[in-house]
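Asks: Below you'll find upload-v7.txt; it's compact mmCIF, C-alpha atoms.
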# COMPACT_ATOMS: atom_id res chain seq x y z
CA MET A 60 0.00 0.00 0.00
CA ARG A 61 1.29 3.46 -0.88
CA ARG A 62 2.32 5.38 2.23
CA LEU A 63 0.42 8.62 2.56
CA ALA A 64 2.48 11.80 2.64
CA ASP A 65 2.52 13.88 5.79
CA LEU A 66 -0.76 15.52 6.72
CA ALA A 67 -1.02 19.32 6.71
CA LEU A 68 -3.25 21.14 9.21
CA TYR A 69 -4.86 24.51 8.45
CA ILE A 70 -6.37 26.57 11.29
CA HIS A 71 -8.55 29.54 10.31
CA TRP A 72 -8.93 32.60 12.52
CA PRO A 73 -11.64 34.69 10.81
CA PHE A 74 -11.24 38.06 12.52
CA CYS A 75 -9.51 41.27 11.41
CA LYS A 76 -9.40 44.74 12.90
CA SER A 77 -10.62 46.11 9.56
CA LYS A 78 -11.52 44.68 6.16
CA CYS A 79 -9.03 45.50 3.40
CA PRO A 80 -10.79 46.74 0.24
CA TYR A 81 -9.11 44.16 -2.03
CA CYS A 82 -9.71 41.15 0.24
CA ASP A 83 -12.24 38.43 -0.58
CA PHE A 84 -11.07 35.99 2.10
CA ASN A 85 -13.36 34.78 4.87
CA SER A 86 -12.53 37.60 7.26
CA HIS A 87 -14.80 39.57 9.57
CA VAL A 88 -14.66 42.55 11.91
CA ARG A 89 -16.15 42.19 15.38
CA GLU A 90 -16.16 44.68 18.27
CA ALA A 91 -15.33 41.96 20.81
CA ILE A 92 -14.11 38.36 20.61
CA GLU A 93 -14.47 35.86 23.41
CA GLN A 94 -10.96 34.48 23.12
CA ARG A 95 -11.44 31.61 25.60
CA ARG A 96 -14.66 30.50 23.91
CA TRP A 97 -12.96 30.50 20.51
CA ARG A 98 -9.96 28.64 21.90
CA ASP A 99 -12.19 25.90 23.26
CA ALA A 100 -14.08 25.61 19.97
CA LEU A 101 -10.92 25.35 17.87
CA LEU A 102 -9.55 22.72 20.24
CA SER A 103 -12.80 20.74 19.91
CA GLU A 104 -12.62 20.85 16.15
CA LEU A 105 -8.96 19.87 16.23
CA ASP A 106 -9.98 16.80 18.25
CA HIS A 107 -12.55 15.95 15.56
CA ALA A 108 -10.00 16.31 12.77
CA ALA A 109 -7.52 14.10 14.62
CA ALA A 110 -10.16 11.41 15.16
CA GLU A 111 -10.78 11.36 11.38
CA THR A 112 -7.09 10.90 10.57
CA PRO A 113 -5.68 8.30 12.97
CA GLY A 114 -2.12 7.15 12.46
CA ARG A 115 -1.12 10.11 10.32
CA ARG A 116 2.03 12.16 10.77
CA LEU A 117 1.70 15.94 10.80
CA GLY A 118 4.17 17.78 8.56
CA SER A 119 2.92 21.36 8.83
CA ILE A 120 0.50 23.63 10.65
CA PHE A 121 -0.66 26.91 9.14
CA PHE A 122 -2.58 29.57 11.06
CA GLY A 123 -4.37 31.67 8.43
CA GLY A 124 -7.13 34.20 8.33
CA GLY A 125 -8.33 36.76 8.87
CA THR A 126 -5.50 37.91 11.09
CA PRO A 127 -4.30 35.08 13.33
CA SER A 128 -1.74 37.35 15.01
CA LEU A 129 -4.82 38.76 16.79
CA MET A 130 -5.20 35.41 18.56
CA GLU A 131 -3.92 35.31 22.09
CA PRO A 132 -0.55 33.53 22.10
CA GLU A 133 -2.00 31.18 24.71
CA THR A 134 -4.53 30.00 22.12
CA VAL A 135 -1.80 29.38 19.56
CA ALA A 136 0.25 27.48 22.14
CA ALA A 137 -2.76 25.36 23.18
CA LEU A 138 -3.53 24.40 19.58
CA ILE A 139 0.06 23.47 18.80
CA ALA A 140 0.34 21.43 22.02
CA SER A 141 -2.93 19.66 21.23
CA ALA A 142 -1.78 18.83 17.71
CA ARG A 143 1.44 17.36 19.10
CA GLU A 144 -0.57 15.15 21.44
CA ARG A 145 -3.00 13.87 18.79
CA TRP A 146 -0.72 13.18 15.82
CA SER A 147 2.83 12.01 15.42
CA ILE A 148 4.91 14.99 14.38
CA ALA A 149 7.61 15.34 11.74
CA ASP A 150 10.96 16.27 13.28
CA ASP A 151 11.16 19.33 11.03
CA ILE A 152 7.49 20.33 11.26
CA GLU A 153 6.78 23.76 9.76
CA ILE A 154 4.44 25.92 11.87
CA THR A 155 3.44 29.14 10.09
CA LEU A 156 1.34 32.01 11.36
CA GLU A 157 0.12 34.95 9.28
CA ALA A 158 0.56 38.37 10.85
CA ASN A 159 0.09 42.03 10.09
CA PRO A 160 3.05 44.34 10.76
CA THR A 161 1.28 46.80 13.03
CA SER A 162 3.20 47.75 16.15
CA VAL A 163 0.44 46.27 18.34
CA GLU A 164 0.63 42.85 16.72
CA SER A 165 4.42 42.78 16.38
CA ARG A 166 4.71 43.06 20.15
CA ARG A 167 3.32 39.51 20.26
CA PHE A 168 6.03 37.99 18.04
CA ARG A 169 8.22 36.77 20.89
CA ALA A 170 5.26 35.11 22.63
CA LEU A 171 4.15 33.50 19.36
CA ALA A 172 7.62 32.08 18.83
CA GLU A 173 7.63 30.73 22.38
CA ALA A 174 4.23 29.15 21.64
CA GLY A 175 5.86 27.06 18.91
CA VAL A 176 5.49 29.09 15.71
CA ASN A 177 8.69 28.73 13.68
CA ARG A 178 7.71 30.57 10.48
CA LEU A 179 6.01 33.95 10.22
CA SER A 180 4.20 35.24 7.12
CA LEU A 181 3.83 39.03 7.19
CA GLY A 182 1.21 40.91 5.17
CA VAL A 183 3.40 43.90 4.29
CA GLN A 184 1.74 44.43 0.85
CA ALA A 185 3.76 47.56 -0.06
CA LEU A 186 6.82 49.51 1.06
CA ASP A 187 5.28 52.85 0.15
CA ASP A 188 2.99 54.79 2.49
CA GLY A 189 0.75 56.08 -0.32
CA ALA A 190 0.23 52.57 -1.66
CA LEU A 191 -0.49 51.27 1.85
CA ARG A 192 -3.18 53.91 2.32
CA PHE A 193 -4.75 52.99 -1.02
CA LEU A 194 -4.73 49.30 -0.03
CA GLY A 195 -6.46 50.12 3.25
CA ARG A 196 -3.64 48.79 5.41
CA ALA A 197 -3.46 49.72 9.09
CA HIS A 198 0.35 50.03 9.12
CA ASP A 199 2.84 52.33 7.45
CA ALA A 200 6.19 51.51 5.86
CA ARG A 201 8.09 52.34 9.05
CA GLU A 202 6.05 49.80 11.02
CA ALA A 203 6.58 47.22 8.29
CA LEU A 204 10.37 47.60 8.49
CA ALA A 205 10.28 47.32 12.28
CA ALA A 206 8.10 44.20 12.11
CA LEU A 207 10.45 42.57 9.61
CA GLU A 208 13.37 43.19 11.94
CA LEU A 209 11.46 41.61 14.83
CA ALA A 210 10.49 38.66 12.64
CA ARG A 211 14.13 38.11 11.75
CA ARG A 212 15.03 38.22 15.44
CA HIS A 213 12.36 35.83 16.74
CA PHE A 214 11.68 33.28 13.97
CA PRO A 215 14.06 30.96 12.15
CA ARG A 216 12.07 31.52 8.94
CA PHE A 217 9.87 34.37 7.75
CA SER A 218 8.18 35.53 4.58
CA PHE A 219 6.27 38.62 3.52
CA ASP A 220 3.76 39.56 0.83
CA LEU A 221 3.75 42.43 -1.63
CA ILE A 222 1.01 43.46 -4.06
CA TYR A 223 1.95 44.94 -7.44
CA ALA A 224 0.16 46.27 -10.54
CA ARG A 225 -1.25 49.01 -8.36
CA PRO A 226 -2.74 52.22 -9.80
CA ARG A 227 -0.10 54.52 -11.33
CA GLN A 228 2.69 52.05 -10.56
CA THR A 229 5.53 52.22 -13.06
CA LEU A 230 7.96 49.50 -14.04
CA ALA A 231 10.91 51.48 -12.67
CA ALA A 232 9.18 52.05 -9.33
CA TRP A 233 8.34 48.36 -9.00
CA ARG A 234 11.91 47.31 -9.76
CA ASP A 235 13.09 49.69 -7.06
CA GLU A 236 10.55 48.31 -4.57
CA LEU A 237 11.62 44.76 -5.41
CA GLY A 238 15.23 45.70 -4.73
CA ARG A 239 14.30 47.02 -1.30
CA ALA A 240 12.19 43.92 -0.62
CA LEU A 241 15.09 41.63 -1.49
CA SER A 242 17.36 43.49 0.92
CA LEU A 243 14.83 42.75 3.68
CA ALA A 244 13.82 39.21 2.71
CA GLY A 245 14.35 35.98 4.56
CA ASP A 246 14.03 32.78 2.55
CA HIS A 247 10.64 33.46 0.93
CA LEU A 248 8.60 36.20 -0.77
CA SER A 249 5.00 36.16 -2.05
CA LEU A 250 4.30 38.66 -4.84
CA TYR A 251 0.71 39.02 -6.00
CA GLN A 252 -0.79 41.02 -8.84
CA LEU A 253 -3.69 43.20 -7.69
CA THR A 254 -6.98 41.88 -9.03
CA ILE A 255 -10.49 43.18 -8.47
CA GLU A 256 -12.60 40.47 -6.86
CA PRO A 257 -16.42 40.50 -6.69
CA GLY A 258 -17.80 41.34 -3.28
CA THR A 259 -14.83 43.48 -2.23
CA ALA A 260 -14.95 47.22 -1.57
CA PHE A 261 -12.67 47.74 -4.58
CA ALA A 262 -15.20 46.15 -6.97
CA PRO A 263 -17.78 48.99 -7.04
CA ALA A 264 -15.05 51.64 -6.77
CA PHE A 265 -13.27 50.22 -9.80
CA ALA A 266 -16.56 49.94 -11.70
CA ARG A 267 -17.26 53.62 -10.99
CA GLY A 268 -13.86 54.56 -12.35
CA ASP A 269 -12.52 55.77 -9.03
CA PHE A 270 -9.18 54.26 -10.01
CA THR A 271 -7.64 52.33 -12.89
CA LEU A 272 -5.13 49.48 -12.97
CA PRO A 273 -2.15 49.03 -15.30
CA ASP A 274 -3.16 47.82 -18.75
CA GLU A 275 -2.42 44.29 -19.91
CA GLU A 276 0.91 45.22 -21.48
CA LEU A 277 2.24 46.93 -18.36
CA ALA A 278 0.86 44.23 -16.07
CA GLY A 279 2.73 41.66 -18.15
CA ALA A 280 5.92 43.70 -17.95
CA LEU A 281 5.55 43.98 -14.16
CA TYR A 282 5.14 40.20 -13.90
CA GLU A 283 8.18 39.57 -16.09
CA ALA A 284 10.27 42.06 -14.11
CA THR A 285 9.28 40.22 -10.93
CA GLN A 286 10.53 36.93 -12.34
CA GLU A 287 13.76 38.48 -13.60
CA GLU A 288 14.67 40.31 -10.40
CA LEU A 289 13.87 37.40 -8.09
CA GLU A 290 15.64 34.87 -10.33
CA ARG A 291 18.73 37.09 -10.37
CA ALA A 292 18.64 37.29 -6.58
CA GLY A 293 18.51 33.51 -6.13
CA MET A 294 14.81 33.38 -5.23
CA PRO A 295 13.16 31.89 -8.33
CA ALA A 296 9.42 31.32 -8.56
CA TYR A 297 8.53 27.83 -7.41
CA GLU A 298 4.83 28.71 -7.84
CA ILE A 299 3.15 31.45 -9.85
CA SER A 300 3.23 34.04 -7.03
CA ASN A 301 5.71 32.50 -4.60
CA HIS A 302 9.49 32.75 -4.63
CA ALA A 303 12.04 31.09 -2.37
CA ARG A 304 15.67 30.38 -1.87
CA PRO A 305 16.45 26.63 -2.23
CA GLY A 306 14.81 24.89 0.72
CA GLY A 307 12.79 27.96 1.68
CA GLU A 308 9.55 26.93 -0.01
CA SER A 309 6.38 26.86 2.08
CA ARG A 310 6.00 23.16 2.81
CA HIS A 311 2.42 23.68 3.91
CA ASN A 312 1.37 25.31 0.65
CA LEU A 313 3.27 22.67 -1.32
CA ALA A 314 0.92 20.14 0.26
CA TYR A 315 -2.00 21.92 -1.44
CA TRP A 316 -0.29 22.27 -4.81
CA ARG A 317 0.99 18.69 -4.85
CA GLY A 318 -2.40 17.23 -3.99
CA SER A 319 -1.47 15.93 -0.54
CA ASP A 320 -3.95 15.55 2.31
CA TYR A 321 -4.78 18.51 4.53
CA ALA A 322 -7.28 18.98 7.33
CA GLY A 323 -8.93 22.37 7.74
CA ILE A 324 -10.51 23.64 10.95
CA GLY A 325 -12.16 26.95 11.77
CA PRO A 326 -14.86 28.94 9.94
CA GLY A 327 -14.94 28.29 6.21
CA ALA A 328 -11.88 26.03 6.27
CA HIS A 329 -11.60 23.45 3.48
CA GLY A 330 -9.85 20.11 3.58
CA ARG A 331 -8.86 17.21 1.37
CA LEU A 332 -8.56 13.81 3.03
CA SER A 333 -7.89 10.30 1.75
CA LEU A 334 -10.03 8.01 3.89
CA GLY A 335 -10.89 4.42 3.11
CA GLY A 336 -9.64 4.69 -0.44
CA VAL A 337 -11.85 7.73 -1.13
CA ARG A 338 -10.74 11.32 -1.69
CA LEU A 339 -12.99 13.53 0.46
CA ALA A 340 -13.55 17.28 0.14
CA THR A 341 -14.54 18.87 3.45
CA ARG A 342 -15.88 22.33 4.21
CA ARG A 343 -16.71 24.01 7.53
CA TYR A 344 -19.50 26.52 8.09
CA ARG A 345 -18.31 29.88 6.80
CA ALA A 346 -20.01 32.41 9.10
CA PRO A 347 -18.09 32.65 12.39
CA GLU A 348 -21.15 32.57 14.65
CA THR A 349 -22.72 29.69 12.73
CA TRP A 350 -19.51 27.69 12.95
CA LEU A 351 -19.11 28.44 16.66
CA ALA A 352 -22.66 27.33 17.46
CA ALA A 353 -22.20 24.11 15.49
CA VAL A 354 -18.96 23.26 17.28
CA GLU A 355 -20.49 23.89 20.68
CA ARG A 356 -23.49 21.78 19.73
CA GLN A 357 -21.79 18.79 18.07
CA GLY A 358 -18.02 19.10 18.51
CA HIS A 359 -17.24 20.28 14.96
CA GLY A 360 -18.37 22.81 12.38
CA LEU A 361 -18.38 20.48 9.37
CA GLU A 362 -21.02 21.64 6.89
CA GLU A 363 -20.21 19.39 3.95
CA GLN A 364 -18.14 16.30 3.24
CA THR A 365 -18.29 14.86 -0.25
CA ALA A 366 -16.39 12.20 -2.14
CA LEU A 367 -14.58 13.56 -5.17
CA ALA A 368 -15.22 11.65 -8.38
CA PRO A 369 -11.97 10.31 -9.91
CA GLU A 370 -12.14 12.84 -12.75
CA GLU A 371 -12.59 15.70 -10.23
CA TYR A 372 -9.51 14.61 -8.32
CA ARG A 373 -7.45 14.33 -11.50
CA ARG A 374 -8.58 17.78 -12.52
CA GLU A 375 -7.57 19.20 -9.14
CA LEU A 376 -4.14 17.56 -9.35
CA LEU A 377 -3.51 19.20 -12.71
CA MET A 378 -4.99 22.58 -11.83
CA MET A 379 -2.92 22.85 -8.67
CA GLY A 380 0.22 21.10 -9.87
CA LEU A 381 0.64 23.23 -12.96
CA ARG A 382 0.92 26.29 -10.75
CA LEU A 383 4.28 24.91 -9.67
CA ALA A 384 7.51 25.38 -11.61
CA GLU A 385 8.14 21.66 -11.11
CA GLY A 386 4.79 20.80 -12.69
CA VAL A 387 3.07 17.42 -12.29
CA GLY A 388 5.20 14.30 -12.07
CA ARG A 389 4.07 11.29 -14.06
CA VAL A 390 4.79 8.75 -11.30
CA ALA A 391 3.09 10.79 -8.57
CA PHE A 392 0.08 11.49 -10.79
CA ARG A 393 -0.38 7.83 -11.68
CA ALA A 394 -0.08 6.79 -8.01
CA ALA A 395 -2.66 9.37 -6.90
CA ALA A 396 -5.06 9.38 -9.85
CA GLY A 397 -4.87 5.77 -11.00
CA ILE A 398 -4.29 6.61 -14.69
CA GLU A 399 -1.45 7.88 -16.83
CA LEU A 400 -1.07 11.63 -16.99
CA ASP A 401 -1.46 11.68 -20.80
CA ALA A 402 -4.92 10.13 -20.47
CA ALA A 403 -6.16 12.95 -18.25
CA VAL A 404 -5.62 15.79 -20.73
CA ASP A 405 -6.82 16.67 -24.21
CA ALA A 406 -4.07 15.20 -26.40
CA GLY A 407 -4.71 17.45 -29.39
CA ARG A 408 -4.72 20.65 -27.39
CA LEU A 409 -1.70 19.45 -25.43
CA GLY A 410 0.18 19.28 -28.73
CA ASP A 411 -0.91 22.80 -29.62
CA LEU A 412 0.20 24.11 -26.23
CA ARG A 413 3.59 22.42 -26.60
CA ASP A 414 4.05 23.89 -30.04
CA GLY A 415 3.14 27.31 -28.70
CA GLY A 416 5.73 27.09 -25.94
CA PHE A 417 3.22 27.11 -23.10
CA VAL A 418 3.81 23.60 -21.68
CA GLU A 419 6.54 20.99 -21.70
CA LEU A 420 6.02 17.23 -21.44
CA ASP A 421 8.84 14.74 -21.08
CA ALA A 422 9.35 11.29 -19.64
CA GLU A 423 9.10 12.58 -16.07
CA ARG A 424 6.57 15.39 -15.91
CA LEU A 425 4.16 17.88 -17.44
CA ARG A 426 4.94 21.48 -16.59
CA ALA A 427 3.80 24.90 -17.69
CA THR A 428 6.60 27.09 -19.01
CA ALA A 429 7.15 30.57 -17.62
CA SER A 430 4.99 31.87 -20.45
CA GLY A 431 2.34 29.26 -19.71
CA ARG A 432 2.21 30.04 -15.98
CA GLN A 433 1.63 33.68 -16.85
CA ARG A 434 -1.46 32.55 -18.81
CA LEU A 435 -2.36 29.55 -16.68
CA ASN A 436 -6.14 29.99 -16.76
CA ALA A 437 -6.11 29.80 -20.56
CA VAL A 438 -3.71 26.85 -20.52
CA LEU A 439 -5.93 24.94 -18.10
CA ALA A 440 -9.05 25.76 -20.07
CA ALA A 441 -7.42 24.19 -23.12
CA LEU A 442 -5.98 21.15 -21.34
CA LEU A 443 -9.10 20.42 -19.30
CA PRO A 444 -12.12 21.17 -21.48
CA ASP A 445 -15.53 20.76 -19.83
What do you get writing this file as C-alpha cells?
Replies:
Amino acid sequence: MRRLADLALYIHWPFCKSKCPYCDFNSHVREAIEQRRWRDALLSELDHAAAETPGRRLGSIFFGGGTPSLMEPETVAALIASARERWSIADDIEITLEANPTSVESRRFRALAEAGVNRLSLGVQALDDGALRFLGRAHDAREALAALELARRHFPRFSFDLIYARPRQTLAAWRDELGRALSLAGDHLSLYQLTIEPGTAFAPAFARGDFTLPDEELAGALYEATQEELERAGMPAYEISNHARPGGESRHNLAYWRGSDYAGIGPGAHGRLSLGGVRLATRRYRAPETWLAAVERQGHGLEEQTALAPEEYRRELLMMGLRLAEGVGRVAFRAAAGIELDAAVDAGRLGDLRDGGFVELDAERLRATASGRQRLNAVLAALLPD
C-alpha cells in the first residue's frame, strides 16, 4: 500500500481589525471576541479532525485568516500542544502564522515564537505609504520595516507579501521596490498582482472609475520584471506568485499544490482527506457565529463532506500542480489518480500548447513554461475542457 504523505493542518482565525478593500477571504470585523470560547471551539474541532485521521504524521501547521496574530498567544500554544498530542509529528514540522506588521501585533512575536510558531508570514503588501493607504492597510512603511526586523530576530524563517500592478505604478518604481524587498527578505517572498474580486470594496469603486489598474501590457511587464529580479537574486518562482531560496519553499502550501492531504478547521476552512480509499472534500461553516454554534453543539463545524469523483480529483491535481515550476510528475500522478497523466488531458490541445511554448512534457513530468504560468487559466481551459 502506498504510504500517505505527511498531513497538513490549516487553522482559520476569521477576525480582522478592519476589512481591506481588495480582500475576498473569509474575514470579519467584530467589536469583541471571546478568546477563551474561541480557543475551546478550535480545540474541539482539532480533536474531531484528529479522530478522522488516525495514524497520520503531521508535517505542517498553518494559522491563516483573517488575522491570526490577533489570537492570544495562549490559544496558539494550546492548539500546537494539542496537535502534538494527537498526531505524530515530523521532526522538522513547519508551523506558520500569518501576521500584520502593526506595532500592536508585532509586540506579540516573541510570545508566538515561544508558543511554537517557527515561520512567520507578514502581510506587508507595499513599502510605500501612499500605496499602503490605497490598499487600506493599518500600518505604514516604518512599522513594516520594524516588524520585519522583529520577525528576523524571533523566527528561524519568515516571509512577507507584496502586491503589485497598483494604480499609477511604473515598471521602474516596482523594480526599485523589489530591490528594497530583497534586501529585507528571509528565505521566501510572495508577490501578488492586484486583481479586483467580486464582493470586495474595490469592486464597485473600480466599476465607478474611481481608479484604474495598469493595462495588460504593463501588467505583463511587471510580472516579467518580478521573475527576472527574483531569479537574479537567487529566489526563483517555485509557484506562480511565490518565490524562495532553495529549501525555503512553504512546505504547507506545497501540500495543497501537490495534492497531498490537509485537514482544515475553523470557519470556512476546506480540507482534502484520503479516507478508506476515497478522496474527500470537506468544508466548515463559513459564518463565524454559525460555525461556533455548530462546534459547541456537536463538537465540529463540518457543513459538507463529499467524495470527489476520480475525474474531479485528477482535474484538481492538474490545476494545482501546474501552478508549480516543477509541474506534475508522471509517477506521482499515476499513483494518486490511477491513470497515466497523458490520459487525463486533451491530447490534441496538449500538442498545440507544446508547439506554442506554453507547456513541456517529457518522460518525467508535465509542466507549464514561464509563459504558460503567466497565462495559466487559458492553458488549463485548453488542457481540461468541460
Asks: Any idea what's packed within 12 Å of range 241-249 of chain A, counting only C-alpha atoms, ignoring anything in its chain fewer than 5 positions away? Could you give it as a PDB file with C-alpha atoms, in the coordinates of the input?
Replies:
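Generated output (around_10.pdb):
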ATOM      1  CA  ARG A 178       7.710  30.570  10.480  1.00  0.00           C
ATOM      2  CA  LEU A 179       6.010  33.950  10.220  1.00  0.00           C
ATOM      3  CA  SER A 180       4.200  35.240   7.120  1.00  0.00           C
ATOM      4  CA  LEU A 181       3.830  39.030   7.190  1.00  0.00           C
ATOM      5  CA  GLY A 182       1.210  40.910   5.170  1.00  0.00           C
ATOM      6  CA  VAL A 183       3.400  43.900   4.290  1.00  0.00           C
ATOM      7  CA  GLN A 184       1.740  44.430   0.850  1.00  0.00           C
ATOM      8  CA  ALA A 185       3.760  47.560  -0.060  1.00  0.00           C
ATOM      9  CA  LEU A 186       6.820  49.510   1.060  1.00  0.00           C
ATOM     10  CA  ALA A 203       6.580  47.220   8.290  1.00  0.00           C
ATOM     11  CA  LEU A 204      10.370  47.600   8.490  1.00  0.00           C
ATOM     12  CA  ALA A 205      10.280  47.320  12.280  1.00  0.00           C
ATOM     13  CA  ALA A 206       8.100  44.200  12.110  1.00  0.00           C
ATOM     14  CA  LEU A 207      10.450  42.570   9.610  1.00  0.00           C
ATOM     15  CA  GLU A 208      13.370  43.190  11.940  1.00  0.00           C
ATOM     16  CA  LEU A 209      11.460  41.610  14.830  1.00  0.00           C
ATOM     17  CA  ALA A 210      10.490  38.660  12.640  1.00  0.00           C
ATOM     18  CA  ARG A 211      14.130  38.110  11.750  1.00  0.00           C
ATOM     19  CA  ARG A 212      15.030  38.220  15.440  1.00  0.00           C
ATOM     20  CA  PHE A 214      11.680  33.280  13.970  1.00  0.00           C
ATOM     21  CA  PRO A 215      14.060  30.960  12.150  1.00  0.00           C
ATOM     22  CA  ARG A 216      12.070  31.520   8.940  1.00  0.00           C
ATOM     23  CA  PHE A 217       9.870  34.370   7.750  1.00  0.00           C
ATOM     24  CA  SER A 218       8.180  35.530   4.580  1.00  0.00           C
ATOM     25  CA  PHE A 219       6.270  38.620   3.520  1.00  0.00           C
ATOM     26  CA  ASP A 220       3.760  39.560   0.830  1.00  0.00           C
ATOM     27  CA  LEU A 221       3.750  42.430  -1.630  1.00  0.00           C
ATOM     28  CA  ILE A 222       1.010  43.460  -4.060  1.00  0.00           C
ATOM     29  CA  TYR A 223       1.950  44.940  -7.440  1.00  0.00           C
ATOM     30  CA  ARG A 234      11.910  47.310  -9.760  1.00  0.00           C
ATOM     31  CA  ASP A 235      13.090  49.690  -7.060  1.00  0.00           C
ATOM     32  CA  GLU A 236      10.550  48.310  -4.570  1.00  0.00           C
ATOM     33  CA  THR A 285       9.280  40.220 -10.930  1.00  0.00           C
ATOM     34  CA  GLN A 286      10.530  36.930 -12.340  1.00  0.00           C
ATOM     35  CA  GLU A 288      14.670  40.310 -10.400  1.00  0.00           C
ATOM     36  CA  LEU A 289      13.870  37.400  -8.090  1.00  0.00           C
ATOM     37  CA  GLU A 290      15.640  34.870 -10.330  1.00  0.00           C
ATOM     38  CA  ARG A 291      18.730  37.090 -10.370  1.00  0.00           C
ATOM     39  CA  ALA A 292      18.640  37.290  -6.580  1.00  0.00           C
ATOM     40  CA  GLY A 293      18.510  33.510  -6.130  1.00  0.00           C
ATOM     41  CA  MET A 294      14.810  33.380  -5.230  1.00  0.00           C
ATOM     42  CA  PRO A 295      13.160  31.890  -8.330  1.00  0.00           C
ATOM     43  CA  ALA A 296       9.420  31.320  -8.560  1.00  0.00           C
ATOM     44  CA  TYR A 297       8.530  27.830  -7.410  1.00  0.00           C
ATOM     45  CA  GLU A 298       4.830  28.710  -7.840  1.00  0.00           C
ATOM     46  CA  ILE A 299       3.150  31.450  -9.850  1.00  0.00           C
ATOM     47  CA  SER A 300       3.230  34.040  -7.030  1.00  0.00           C
ATOM     48  CA  ASN A 301       5.710  32.500  -4.600  1.00  0.00           C
ATOM     49  CA  HIS A 302       9.490  32.750  -4.630  1.00  0.00           C
ATOM     50  CA  ALA A 303      12.040  31.090  -2.370  1.00  0.00           C
ATOM     51  CA  ARG A 304      15.670  30.380  -1.870  1.00  0.00           C
ATOM     52  CA  PRO A 305      16.450  26.630  -2.230  1.00  0.00           C
ATOM     53  CA  GLY A 306      14.810  24.890   0.720  1.00  0.00           C
ATOM     54  CA  GLY A 307      12.790  27.960   1.680  1.00  0.00           C
ATOM     55  CA  GLU A 308       9.550  26.930  -0.010  1.00  0.00           C
ATOM     56  CA  SER A 309       6.380  26.860   2.080  1.00  0.00           C
ATOM     57  CA  ARG A 310       6.000  23.160   2.810  1.00  0.00           C
ATOM     58  CA  ASN A 312       1.370  25.310   0.650  1.00  0.00           C
TER      59      ASN A 312
END
Asks: Measuring between only C-alpha atoms, which one of A:Leu377, A:Ala67, A:Ala396, A:Leu194 shows the shortest distance to Phe261 in chain A?
Replies: A:Leu194
Asks: What gap, in Å, lies between CA of Val176 in chain A and CA of Glu157 in chain A?
Replies: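 A separation of 10.2 Å between them.
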Asks: Just how far from CA of Ala262 in chain A is CA of Gln433 in chain A, in Å to one decimal?
Replies: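 CA of Ala262 in chain A lies at a distance of 23.2 Å from CA of Gln433 in chain A.
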Asks: Write out as a compact mmCIF listing (two decimals) with C-alpha atoms, keeping the file's coordinate frame the residues lying within 10 Å of range 392-394 of chain A, counting only C-alpha atoms and excluding same-chain residues fewer than 2 positions away.
Replies:
# COMPACT_ATOMS: atom_id res chain seq x y z
CA ARG A 61 1.29 3.46 -0.88
CA ARG A 317 0.99 18.69 -4.85
CA GLY A 318 -2.40 17.23 -3.99
CA ARG A 373 -7.45 14.33 -11.50
CA LEU A 376 -4.14 17.56 -9.35
CA LEU A 377 -3.51 19.20 -12.71
CA GLY A 380 0.22 21.10 -9.87
CA VAL A 387 3.07 17.42 -12.29
CA GLY A 388 5.20 14.30 -12.07
CA ARG A 389 4.07 11.29 -14.06
CA VAL A 390 4.79 8.75 -11.30
CA ALA A 396 -5.06 9.38 -9.85
CA GLY A 397 -4.87 5.77 -11.00
CA ILE A 398 -4.29 6.61 -14.69
CA GLU A 399 -1.45 7.88 -16.83
CA LEU A 400 -1.07 11.63 -16.99
CA ASP A 401 -1.46 11.68 -20.80
CA ALA A 403 -6.16 12.95 -18.25
CA ARG A 424 6.57 15.39 -15.91
Asks: What's around Pro127 in chain A at 7 Å? Count all atoms listed in the file, leave out sequence neighbours fewer than 4 positions away in its own chain, and write the answer as a PyMOL selection string.
Replies: chain A and resi 72+122-123+156-158
Asks: As a PyMOL selection string, please: the residues near Phe84 in chain A (cut-off 10 Å, all atoms listed in the file, same-chain neighbours under 3 positions excluded).
Replies: chain A and resi 73+78-79+81+87+124-125+259+327
Asks: For CA of Ala109 in chain A and CA of Leu334 in chain A, determine how far apart the two atoms are, in Å to one decimal place.
Replies: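 These atoms are spaced 12.6 Å apart.
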Asks: Within 12 Å of (-21.1, 21.4, 22.4), in the coordinates the file gives, what residues turn up when you count all atoms listed in the file, written out as an MDAnalysis selection string?
Replies: chainID A and resid 96 99:104 350:360
Asks: Leaving out range 90-94 of chain A and any residue of its chain fewer than 3 positions from it, which residues lie within 10 Å of it when counting only C-alpha atoms, given as a short mmCIF file (atom, residue, chain, number, x, y, z; two decimals) with C-alpha atoms, in the coordinates of the input?
Replies:
data_model
loop_
_atom_site.label_atom_id
_atom_site.label_comp_id
_atom_site.auth_asym_id
_atom_site.auth_seq_id
_atom_site.Cartn_x
_atom_site.Cartn_y
_atom_site.Cartn_z
CA PHE A 74 -11.24 38.06 12.52
CA LYS A 76 -9.40 44.74 12.90
CA TRP A 97 -12.96 30.50 20.51
CA ARG A 98 -9.96 28.64 21.90
CA ASP A 99 -12.19 25.90 23.26
CA ALA A 100 -14.08 25.61 19.97
CA LEU A 129 -4.82 38.76 16.79
CA MET A 130 -5.20 35.41 18.56
CA GLU A 131 -3.92 35.31 22.09
CA GLU A 133 -2.00 31.18 24.71
CA THR A 134 -4.53 30.00 22.12
#
